[in-house]
>>> print(open('work_36.pdb').read())   # PDB, C-alpha atoms
MODEL        1
ATOM      1  CA  MET A   1      11.592  15.425  17.487
ATOM      2  CA  ASN A   2      13.190  12.004  17.610
ATOM      3  CA  GLY A   3      12.709   9.485  14.826
ATOM      4  CA  PHE A   4       9.906   7.617  16.614
ATOM      5  CA  TRP A   5       7.664  10.665  16.346
ATOM      6  CA  MET A   6       5.321  10.254  13.446
ATOM      7  CA  ARG A   7       2.450  12.104  11.894
ATOM      8  CA  ARG A   8      -0.696  12.139  13.990
ATOM      9  CA  ALA A   9      -3.190   9.308  13.539
ATOM     10  CA  GLU A  10      -6.713   9.420  14.929
ATOM     11  CA  ILE A  11      -7.251   7.579  18.210
ATOM     12  CA  GLU A  12     -10.629   6.136  19.155
ATOM     13  CA  THR A  13     -11.931   4.942  22.492
ATOM     14  CA  GLU A  14     -15.366   3.751  23.548
ATOM     15  CA  ARG A  15     -16.835   7.275  23.786
ATOM     16  CA  LEU A  16     -14.160   9.518  22.289
ATOM     17  CA  ARG A  17     -12.383  10.313  19.052
ATOM     18  CA  LEU A  18      -9.040  12.106  19.240
ATOM     19  CA  ARG A  19      -8.405  13.931  15.985
ATOM     20  CA  ALA A  20      -6.415  16.750  14.412
ATOM     21  CA  TRP A  21      -7.359  20.348  15.186
ATOM     22  CA  THR A  22      -8.549  22.703  12.445
ATOM     23  CA  MET A  23      -9.093  26.448  12.393
ATOM     24  CA  GLN A  24     -12.843  25.735  12.298
ATOM     25  CA  ASP A  25     -12.639  24.411  15.877
ATOM     26  CA  MET A  26     -12.553  27.836  17.550
ATOM     27  CA  GLN A  27     -15.794  27.469  19.508
ATOM     28  CA  GLY A  28     -14.734  24.173  21.099
ATOM     29  CA  PHE A  29     -11.185  25.444  21.623
ATOM     30  CA  LEU A  30     -12.408  28.470  23.581
ATOM     31  CA  LEU A  31     -14.355  26.260  26.009
ATOM     32  CA  PHE A  32     -11.080  25.518  27.787
ATOM     33  CA  ALA A  33      -8.494  27.892  26.289
ATOM     34  CA  ALA A  34     -10.311  31.006  27.540
ATOM     35  CA  ASP A  35     -11.081  29.514  30.967
ATOM     36  CA  PRO A  36      -8.600  30.739  33.621
ATOM     37  CA  GLU A  37      -9.396  27.835  35.983
ATOM     38  CA  VAL A  38      -8.508  25.252  33.336
ATOM     39  CA  MET A  39      -5.504  26.977  31.821
ATOM     40  CA  MET A  40      -3.862  28.202  35.039
ATOM     41  CA  ALA A  41      -3.976  24.644  36.439
ATOM     42  CA  ALA A  42      -2.182  23.505  33.265
ATOM     43  CA  GLY A  43       0.441  26.243  33.625
ATOM     44  CA  SER A  44      -0.779  28.225  30.615
ATOM     45  CA  LYS A  45      -2.152  31.700  30.168
ATOM     46  CA  PRO A  46      -5.804  31.750  29.102
ATOM     47  CA  VAL A  47      -6.452  33.462  25.776
ATOM     48  CA  LEU A  48      -7.823  36.957  26.341
ATOM     49  CA  SER A  49      -8.584  38.187  22.834
ATOM     50  CA  GLN A  50      -9.653  36.943  19.414
ATOM     51  CA  GLU A  51      -6.122  37.541  18.129
ATOM     52  CA  GLU A  52      -4.587  35.452  20.925
ATOM     53  CA  ALA A  53      -7.207  32.745  20.381
ATOM     54  CA  ARG A  54      -6.494  32.555  16.637
ATOM     55  CA  ALA A  55      -2.729  32.461  17.195
ATOM     56  CA  GLU A  56      -2.990  29.748  19.859
ATOM     57  CA  LEU A  57      -5.421  27.655  17.826
ATOM     58  CA  ARG A  58      -3.074  27.965  14.815
ATOM     59  CA  ARG A  59      -0.132  26.694  16.961
ATOM     60  CA  THR A  60      -2.302  23.844  18.218
ATOM     61  CA  ALA A  61      -3.556  22.930  14.724
ATOM     62  CA  ASP A  62       0.039  22.975  13.417
ATOM     63  CA  ASP A  63       1.263  20.698  16.225
ATOM     64  CA  PRO A  64       1.203  17.147  14.795
ATOM     65  CA  TYR A  65       0.975  15.669  18.316
ATOM     66  CA  ALA A  66      -1.961  17.736  19.644
ATOM     67  CA  TYR A  67      -5.425  16.199  19.477
ATOM     68  CA  ALA A  68      -8.924  17.585  19.829
ATOM     69  CA  ILE A  69     -10.818  15.333  22.223
ATOM     70  CA  THR A  70     -14.282  14.899  20.714
ATOM     71  CA  LEU A  71     -17.370  12.914  21.654
ATOM     72  CA  ARG A  72     -17.812  10.104  19.133
ATOM     73  CA  ASP A  73     -21.606  10.458  19.089
ATOM     74  CA  THR A  74     -21.786  14.212  18.441
ATOM     75  CA  GLY A  75     -18.323  15.365  17.364
ATOM     76  CA  GLU A  76     -18.436  17.971  20.141
ATOM     77  CA  ILE A  77     -15.002  19.118  21.367
ATOM     78  CA  VAL A  78     -14.450  18.570  25.081
ATOM     79  CA  GLY A  79     -10.719  19.286  25.419
ATOM     80  CA  LYS A  80      -7.177  18.928  24.159
ATOM     81  CA  ILE A  81      -4.518  16.282  24.734
ATOM     82  CA  LYS A  82      -1.018  16.055  23.315
ATOM     83  CA  PHE A  83       2.197  14.124  23.226
ATOM     84  CA  GLN A  84       5.238  16.162  24.174
ATOM     85  CA  ARG A  85       8.888  15.641  24.932
ATOM     86  CA  ASP A  86       9.774  13.966  28.198
ATOM     87  CA  GLY A  87      12.224  16.578  29.400
ATOM     88  CA  ALA A  88      13.247  14.560  32.460
ATOM     89  CA  ARG A  89      14.986  11.766  30.551
ATOM     90  CA  TYR A  90      18.000  11.571  28.283
ATOM     91  CA  ASN A  91      18.376   9.057  25.455
ATOM     92  CA  VAL A  92      15.288   7.108  26.549
ATOM     93  CA  HIS A  93      12.543   6.271  24.065
ATOM     94  CA  SER A  94       9.831   8.079  26.069
ATOM     95  CA  VAL A  95       7.018  10.557  25.684
ATOM     96  CA  SER A  96       5.035  12.766  28.040
ATOM     97  CA  ILE A  97       1.350  13.732  27.851
ATOM     98  CA  GLY A  98      -0.326  17.061  28.621
ATOM     99  CA  TYR A  99      -4.026  17.913  28.593
ATOM    100  CA  GLU A 100      -6.843  20.399  29.220
ATOM    101  CA  LEU A 101     -10.540  19.572  29.628
ATOM    102  CA  ALA A 102     -13.412  22.076  29.464
ATOM    103  CA  GLN A 103     -15.074  22.450  32.879
ATOM    104  CA  ARG A 104     -18.524  21.535  31.635
ATOM    105  CA  TYR A 105     -17.193  18.017  30.920
ATOM    106  CA  TRP A 106     -15.436  17.428  34.243
ATOM    107  CA  GLY A 107     -16.580  14.395  36.218
ATOM    108  CA  ASN A 108     -17.546  12.218  33.233
ATOM    109  CA  GLY A 109     -14.345  10.152  32.982
ATOM    110  CA  TYR A 110     -13.493  11.614  29.568
ATOM    111  CA  MET A 111      -9.923  12.590  30.395
ATOM    112  CA  THR A 112      -9.142   9.222  31.982
ATOM    113  CA  GLU A 113     -10.479   7.547  28.835
ATOM    114  CA  ALA A 114      -8.501   9.883  26.546
ATOM    115  CA  LEU A 115      -5.320   9.265  28.559
ATOM    116  CA  ARG A 116      -5.739   5.506  28.282
ATOM    117  CA  GLY A 117      -6.143   5.856  24.511
ATOM    118  CA  MET A 118      -2.963   7.941  24.312
ATOM    119  CA  VAL A 119      -1.027   5.435  26.432
ATOM    120  CA  ARG A 120      -2.164   2.595  24.170
ATOM    121  CA  HIS A 121      -1.116   4.592  21.078
ATOM    122  CA  ALA A 122       2.275   5.481  22.604
ATOM    123  CA  PHE A 123       3.154   1.869  23.343
ATOM    124  CA  ASP A 124       1.473   0.082  20.431
ATOM    125  CA  VAL A 125       2.129   2.541  17.598
ATOM    126  CA  MET A 126       4.997   4.796  18.707
ATOM    127  CA  GLN A 127       6.749   1.855  20.427
ATOM    128  CA  VAL A 128       8.015   3.924  23.376
ATOM    129  CA  GLU A 129       9.674   2.446  26.451
ATOM    130  CA  LEU A 130       7.987   4.786  28.896
ATOM    131  CA  VAL A 131       5.054   7.237  29.096
ATOM    132  CA  THR A 132       5.172  10.046  31.656
ATOM    133  CA  ILE A 133       2.777  12.681  32.948
ATOM    134  CA  GLY A 134       2.699  15.211  35.747
ATOM    135  CA  HIS A 135       0.605  17.787  37.564
ATOM    136  CA  PHE A 136       1.213  20.627  39.978
ATOM    137  CA  THR A 137       1.133  19.388  43.561
ATOM    138  CA  GLY A 138      -2.216  20.101  45.165
ATOM    139  CA  ASN A 139      -4.172  19.508  41.935
ATOM    140  CA  GLU A 140      -6.222  16.611  43.275
ATOM    141  CA  ARG A 141      -8.513  16.436  40.255
ATOM    142  CA  SER A 142      -5.557  15.743  37.938
ATOM    143  CA  ARG A 143      -4.024  13.325  40.447
ATOM    144  CA  ARG A 144      -7.180  11.204  40.432
ATOM    145  CA  VAL A 145      -7.433  11.252  36.611
ATOM    146  CA  ILE A 146      -3.795  10.238  36.183
ATOM    147  CA  GLU A 147      -3.974   7.428  38.732
ATOM    148  CA  ARG A 148      -7.237   6.085  37.236
ATOM    149  CA  ALA A 149      -5.499   5.997  33.850
ATOM    150  CA  GLY A 150      -2.944   3.567  35.324
ATOM    151  CA  PHE A 151       0.074   5.795  35.967
ATOM    152  CA  LEU A 152       2.315   5.109  38.964
ATOM    153  CA  PHE A 153       3.580   7.915  41.181
ATOM    154  CA  ASP A 154       7.347   8.462  40.817
ATOM    155  CA  GLY A 155       7.869  11.394  43.172
ATOM    156  CA  VAL A 156       7.801  15.173  43.379
ATOM    157  CA  THR A 157      10.175  17.560  41.655
ATOM    158  CA  PRO A 158      10.448  20.699  43.785
ATOM    159  CA  TYR A 159      10.476  24.098  42.093
ATOM    160  CA  ALA A 160       9.763  22.420  38.751
ATOM    161  CA  PHE A 161       7.713  24.984  36.845
ATOM    162  CA  LYS A 162       7.513  28.765  36.778
ATOM    163  CA  ARG A 163       4.187  29.859  35.321
ATOM    164  CA  PHE A 164       3.818  32.946  33.108
ATOM    165  CA  ASP A 165       2.631  34.963  36.147
ATOM    166  CA  GLY A 166       5.830  34.183  38.088
ATOM    167  CA  ARG A 167       4.312  31.642  40.480
ATOM    168  CA  VAL A 168       6.497  28.558  40.979
ATOM    169  CA  PHE A 169       5.098  25.043  41.410
ATOM    170  CA  ASP A 170       6.347  21.664  42.524
ATOM    171  CA  GLU A 171       5.382  18.854  40.125
ATOM    172  CA  ALA A 172       4.078  15.394  40.968
ATOM    173  CA  ASN A 173       5.502  12.935  38.421
ATOM    174  CA  TYR A 174       4.040   9.651  37.164
ATOM    175  CA  SER A 175       4.936   7.043  34.579
ATOM    176  CA  ILE A 176       4.084   3.705  33.012
ATOM    177  CA  LEU A 177       6.894   1.430  31.822
ATOM    178  CA  ARG A 178       6.449  -0.776  28.761
ATOM    179  CA  GLU A 179       6.601  -3.965  30.854
ATOM    180  CA  GLU A 180       3.861  -2.611  33.114
ATOM    181  CA  TYR A 181       1.699  -1.812  30.101
ATOM    182  CA  GLU A 182       2.348  -5.202  28.471
ATOM    183  CA  SER A 183       1.532  -7.104  31.670
ATOM    184  CA  GLY A 184      -2.078  -5.986  31.281
ATOM    185  CA  ALA A 185      -2.205  -4.505  34.754
ATOM    186  CA  VAL A 186       0.017  -1.891  36.288
ATOM    187  CA  SER A 187       1.683  -3.345  39.363
ATOM    188  CA  LEU A 188       1.487  -1.613  42.710
ATOM    189  CA  ARG A 189       5.198  -1.893  43.368
ATOM    190  CA  ARG A 190       7.170   1.286  43.909
ATOM    191  CA  ARG A 191      10.105   1.614  41.528
ATOM    192  CA  PHE A 192      12.197   3.380  44.136
ATOM    193  CA  SER A 193      11.673   0.849  46.970
TER     194      SER A 193
ENDMDL
END
>>> encode(input="work_36.pdb", output="structure tokens")
Amino acid sequence: MNGFWMRRAEIETERLRLRAWTMQDMQGFLLFAADPEVMMAAGSKPVLSQEEARAELRRTADDPYAYAITLRDTGEIVGKIKFQRDGARYNVHSVSIGYELAQRYWGNGYMTEALRGMVRHAFDVMQVELVTIGHFTGNERSRRVIERAGFLFDGVTPYAFKRFDGRVFDEANYSILREEYESGAVSLRRRFS
């Protein structure tokens, strides 16, 4: 990864703590990683066996940019969030975010809160110029989360992602520029107008 990528630091929000994964987190990991509804919406294959679960948790724990989303009060794992390369831009100091949230925690605002914490970390600590995120078109739940977190809609990339099962999806793309973040409020202007 580029030079601005650094070792993971914990991120705290009002209700959440984003921390490194360990191999002792299997129970919390399986809450979303074995759930077809969660994983298929994220473009990933759900884990189907203990061997797959161990291998996927090991990859996640070894990824220095993947965080376990935990409740600050109980330490309970509710999902995963990670920084990843922004594959749509060249030579721009940017980062993208991906996430999964266990169904039992949907509707509590946890992912919006986690996203805001990641955006703050990306701009304040990683010093990026731009943070991006996307979802498959038609995924209204993710659209609402992303917009509540302050991201602006950039447009749709047709035929953007072929999932492991061969199904192809268009992707809705969003971003926040540094100047929008620093202004304290994301403007409603459209960048392409």
>>> residues_around(input="work_36.pdb", residues="Phe153 of chain A", least_positions_apart="6", cutoff="7 Å", atoms="all atoms listed in the file", output="PyMOL selection string")
chain A and resi 173-175
>>> residues_around(input="work_36.pdb", residues="segment 140-143 of chain A", least_positions_apart="3", cutoff="10 Å", atoms="only C-alpha atoms", output="list of chain:residue names")
A:Ala41, A:Ala42, A:Tyr99, A:Glu100, A:Trp106, A:Gly107, A:Met111, A:Thr112, A:Gly134, A:His135, A:Phe136, A:Thr137, A:Ile146, A:Glu147, A:Arg148, A:Ala149, A:Phe151, A:Phe153, A:Ala172, A:Asn173, A:Tyr174
>>> closest_atom_pairs(input="work_36.pdb", of="segment 13-84 of chain A", to="segment 156-169 of chain A", cutoff="8 Å", atoms="all atoms listed in the file", output="CSV")
residue,atom,partner,partner_atom,distance
A:Gly43,CA,A:Arg163,CA,5.5
A:Ser44,CA,A:Arg163,CA,7.0
A:Lys45,CA,A:Phe164,CA,6.8
>>> atom_distance(input="work_36.pdb", atom1="atom CA of Phe83 of chain A", atom2="atom CA of Ala66 of chain A")
6.6 Å
>>> residues_around(input="work_36.pdb", residues="Ile81 of chain A", least_positions_apart="4", cutoff="10 Å", atoms="all atoms listed in the file", output="NGL selection string")
:A and (18-19 or 65-69 or 97-101 or 111 or 114-115 or 118)
>>> residues_near_point(input="work_36.pdb", point="(0.9, 19.8, 13.4)", cutoff="12 Å", atoms="all atoms listed in the file", output="PyMOL selection string")
chain A and resi 5-9+19-22+57-68+82-83
>>> residues_around(input="work_36.pdb", residues="segment 27-36 of chain A", least_positions_apart="2", cutoff="6 Å", atoms="only C-alpha atoms", output="ChimeraX atom specification")
/A:25,38-40,46-47,77,102
>>> residues_around(input="work_36.pdb", residues="Tyr181 of chain A", least_positions_apart="4", cutoff="12 Å", atoms="only C-alpha atoms", output="PyMOL selection string")
chain A and resi 116+119-124+127-131+149-152+175-177+185-187
>>> atom_distance(input="work_36.pdb", atom1="atom CA of Gln103 of chain A", atom2="atom CA of Gly79 of chain A")
9.2 Å
